[in-house]
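Student: Take a look at the following structure, please.
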Amino acid sequence: MNISKTEILELLQDFSDNSIHNSVSGDVALSPQYAGIRIFEWPIVGVSSAQDEIYKTYTNPEIVGENYLNPSEWMDGAKSIISIFNPFTEHIKDSNAGGNYPSDEWMHGRIEGQAYVTAAAQALAELIRSKGGKAMVPIADERFKIYKEPKIYSNWSERHAAYVAGMGTFSLNRAIITKKGIAGRFCSIITDIELTADQREYTGLYDNCIMCKACQRACPVDAINEHGKSHIPCNIFLEQIKAEHPPWYGCGKCQAGMPCESRIPPKNPKADYSTIKNIYDGN
Ligand code: B12
């Protein structure tokens, strides 16, 4: 059983261009003008090995959490993890830059966008299965769970899989900055096919962040400071938005319009990462 990274990318690009899930349908559009807008551009992909030692550290409560399940716990015989980053279209990003309230388009990106992201990962898993391999999508598995105690985290973290797969590093606001930027959504697939793992072109957790603090200034609820982002005020704000627009919500002011929105910003030799706390206020 063999599948190349080129085949993987081609499938995802084709899905991106042709799936009905990659646009807002008229039935759910928050306003008729959003009907048919495209949600994501073509994705980028990174691969990590299920044997990578970093995965073994993720049950540490200071990294992900004690209920974290490593790739072999999700799937017997796991060999590779494919991490996919789906960058939002310019329309979605531009609509949400500035202000203190998420744009309707961004909220569509959060809700309908997540449906697309899962569907694309499932389509790739299906391709692998059709060729005789095993594949599963953790966030679509019935065991996937988000915990609220002792902090907010899930038993499979897309950002932490992306970090191992060489996709990018964390930022002051803790989201991952990839070569296609920060504004987008991740998904991942665990498979028993052996793909060559990508090299990580970084050594530090925050290497792609230039510590410009633009996200700190943009956060509507002051959740970000020099220590990083406290997930609690961020979560409270998201809950408030959801109560106002069920089931839609989102924020992303720390992503849209930022210097890292669509790329890794040019390095800042003066960036000082020493103030960032890897774990902030227990969250
Ligand atoms: C729960 C959750 C939240 C919680 C926050 C809780 C949290 N802890 O992250 C709330 C509801 C507040 C939230 C908010 C948002 N979220 Co959210 N969220 C998630 C979810 C479901 C799980 C996150 C998780 O488990 N984190 C684990 C914890 C422990 O992470 P952490 O503390 O930040 O990690 C630090 C430590 O691990 C530390 N560290 C210390 N030692 C070491 C050692 C090593 C080796 C490593 C790697 C790290 C490390 O480094 C990390 C960064 O500081 C993921 C989806 C998923 N299944 O992964 C999406 C996800 C993180 N969210 C996402 C987004 C987009 C958002 C929002 C912008 C909302 C929106 N869509 O409009 C906001 C703000 C994002 C931000 N800046 O953080 C995206 C991020 C995309 C990106 N570019 O990175 C994700 C990946 C969803 C997706 N499918 O793409 N989210």
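Chain identifiers are assigned as A, B, and so on, following the order in which chains appear in the structure tokens; residues are numbered from 1 within each chain, and ligands are numbered from 1 in order of appearance.
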Counting only C-alpha atoms and all ligand atoms, which residues in chain A sit no more than 6 Å from ligand 1? For each one, give the nearest pair of atoms and the distance in Å, sorted by chain then residue number, as a Markdown table.
Tutor:
| residue | atom | partner | partner_atom_place_in_ligand_line | distance |
| --- | --- | --- | --- | --- |
| A:Ile54 | CA | ligand 1 | 45 (C) | 5.8 |
| A:Glu62 | CA | ligand 1 | 40 (C) | 5.8 |
| A:Ile63 | CA | ligand 1 | 37 (O) | 3.6 |
| A:Val64 | CA | ligand 1 | 29 (C) | 3.7 |
| A:Arg110 | CA | ligand 1 | 71 (N) | 5.1 |
| A:Ile152 | CA | ligand 1 | 6 (C) | 4.6 |
| A:Tyr153 | CA | ligand 1 | 25 (O) | 3.4 |
| A:Ser154 | CA | ligand 1 | 25 (O) | 3.9 |
| A:Trp156 | CA | ligand 1 | 57 (N) | 5.3 |
| A:Ser157 | CA | ligand 1 | 58 (O) | 3.3 |
| A:Glu158 | CA | ligand 1 | 58 (O) | 3.7 |
| A:Arg159 | CA | ligand 1 | 86 (C) | 5.2 |
| A:His160 | CA | ligand 1 | 47 (C) | 5.1 |
| A:Tyr163 | CA | ligand 1 | 47 (C) | 5.9 |
| A:Phe170 | CA | ligand 1 | 52 (C) | 5.5 |
| A:Asn173 | CA | ligand 1 | 77 (N) | 4.4 |
| A:Arg174 | CA | ligand 1 | 52 (C) | 4.4 |
| A:Ala175 | CA | ligand 1 | 84 (O) | 3.4 |
| A:Ile176 | CA | ligand 1 | 84 (O) | 3.7 |
| A:Ile177 | CA | ligand 1 | 83 (N) | 5.9 |
| A:Ile182 | CA | ligand 1 | 83 (N) | 4.2 |
| A:Ala183 | CA | ligand 1 | 83 (N) | 5.6 |
| A:Gly184 | CA | ligand 1 | 83 (N) | 5.6 |
| A:Arg185 | CA | ligand 1 | 90 (O) | 3.2 |
| A:Phe186 | CA | ligand 1 | 90 (O) | 3.7 |
| A:Cys187 | CA | ligand 1 | 89 (N) | 5.6 |
| A:His231 | CA | ligand 1 | 12 (C) | 4.5 |
| A:Cys234 | CA | ligand 1 | 12 (C) | 4.8 |
| A:Asn235 | CA | ligand 1 | 12 (C) | 3.8 |
| A:Gly250 | CA | ligand 1 | 72 (O) | 3.4 |
| A:Cys251 | CA | ligand 1 | 72 (O) | 3.8 |
| A:Gly252 | CA | ligand 1 | 68 (C) | 4.0 |
| A:Asn278 | CA | ligand 1 | 38 (C) | 4.4 |
| A:Ile279 | CA | ligand 1 | 32 (O) | 5.8 |
| A:Asn283 | CA | ligand 1 | 32 (O) | 5.9 |
Student: Per residue of range 31-56 of chain A within 9 Å of range 88-98 of chain A, which atom pair is closest and at what distance in Å (one decimal), using only C-alpha atoms, listed by chain and increasing number, as a Markdown table?
Tutor:
| residue | atom | partner | partner_atom | distance |
| --- | --- | --- | --- | --- |
| A:Ile37 | CA | A:His91 | CA | 8.3 |
| A:Arg38 | CA | A:Thr89 | CA | 6.9 |
| A:Ile39 | CA | A:Thr89 | CA | 5.8 |
| A:Phe40 | CA | A:Phe88 | CA | 4.4 |
| A:Glu41 | CA | A:Thr89 | CA | 5.5 |
Student: Rank A:Gly46, A:Gly228, A:Gly257, A:Pro233 by their smallest atom-to-atom distance to Ala214 in chain A, using only C-alpha atoms, and report the top residue only.
Tutor: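 Among A:Gly46, A:Gly228, A:Gly257, A:Pro233, it is A:Gly257 that comes nearest to Ala214 in chain A.
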Student: List as an MDAnalysis selection string the protein and nucleic acid residues near range 80-85 of chain A, meaning an atom at most 6 Å away when only C-alpha atoms are counted, but skip any in the same chain fewer than 4 places from it.
Tutor: chainID A and resid 43:50 162 185:191 194
Student: Compare A:Asp192, A:Glu239, A:Glu53, A:Asp27 by their minimum atom-to-atom distance to Val164 in chain A, counting only C-alpha atoms, and give me the closest one.
Tutor: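 For Val164 in chain A, the nearest of the candidates is A:Glu53.
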Student: CA of Cys209 in chain A and CA of Leu172 in chain A are how many Å apart?
Tutor: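 Distance reported for this atom pair: 6.8 Å.
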Student: I need the helix (DSSP H, G or I) residues of range 2-236 of chain A per DSSP on the backbone, written as a PyMOL selection string.
Tutor: chain A and resi 5-18+20-22+32-34+53-56+71-74+90-96+104-130+138-140+158-164+214-218+231-236
Student: Report as a tab-separated table: every residue of range 110-130 of chain A with an atom at most 12 Å from range 244-249 of chain A, its closest pair of atoms, and their distance in Å to one decimal, counting only C-alpha atoms, with rows sorted by chain and ascending residue number.
Tutor:
residue	atom	partner	partner_atom	distance
A:Arg110	CA	A:Tyr249	CA	7.0
A:Ile111	CA	A:Trp248	CA	6.2
A:Glu112	CA	A:Trp248	CA	9.0
A:Gly113	CA	A:Trp248	CA	11.1
A:Gln114	CA	A:Trp248	CA	11.4
Student: Could the residues in this selection be saved with C-alpha atoms as a short mmCIF file (atom, residue, chain, number, x, y, z; two decimals), in the first residue's frame?
Tutor:
data_model
loop_
_atom_site.label_atom_id
_atom_site.label_comp_id
_atom_site.auth_asym_id
_atom_site.auth_seq_id
_atom_site.Cartn_x
_atom_site.Cartn_y
_atom_site.Cartn_z
CA ARG A 110 -15.94 28.78 12.13
CA ILE A 111 -19.14 26.72 11.75
CA GLU A 112 -19.58 25.78 8.09
CA GLY A 113 -15.78 25.92 7.75
CA GLN A 114 -15.33 23.29 10.43
#
Student: How would you write, as a list in words, the set of residues in range 110-169 of chain A that DSSP gives as strand (DSSP E)?
Tutor: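 Of range 110-169 of chain A, only Ala135, Met136, Ile146, Tyr147, Tyr153, Ser154, Gly168 and Thr169 of chain A fall in strand (DSSP E).
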Student: Nearest to Pro32 in chain A: which of A:Gln240, A:Glu7, A:Asp104, A:Ala115 is it, counting only C-alpha atoms?
Tutor: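 Under the stated criterion, the closest residue is A:Asp104.
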Student: From the list A:Ala197, A:Ile264, A:Met107, A:Ile236, which residue is nearest Tyr34 in chain A when using only C-alpha atoms?
Tutor: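 Selected residue with least distance to Tyr34 in chain A: A:Met107.
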Student: Nearest to Ser4 in chain A: which of A:Lys151, A:Thr196, A:Ala140, A:Met75 is it, counting only C-alpha atoms?
Tutor: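 Of A:Lys151, A:Thr196, A:Ala140, A:Met75, the one nearest Ser4 in chain A is A:Thr196, counting only C-alpha atoms.
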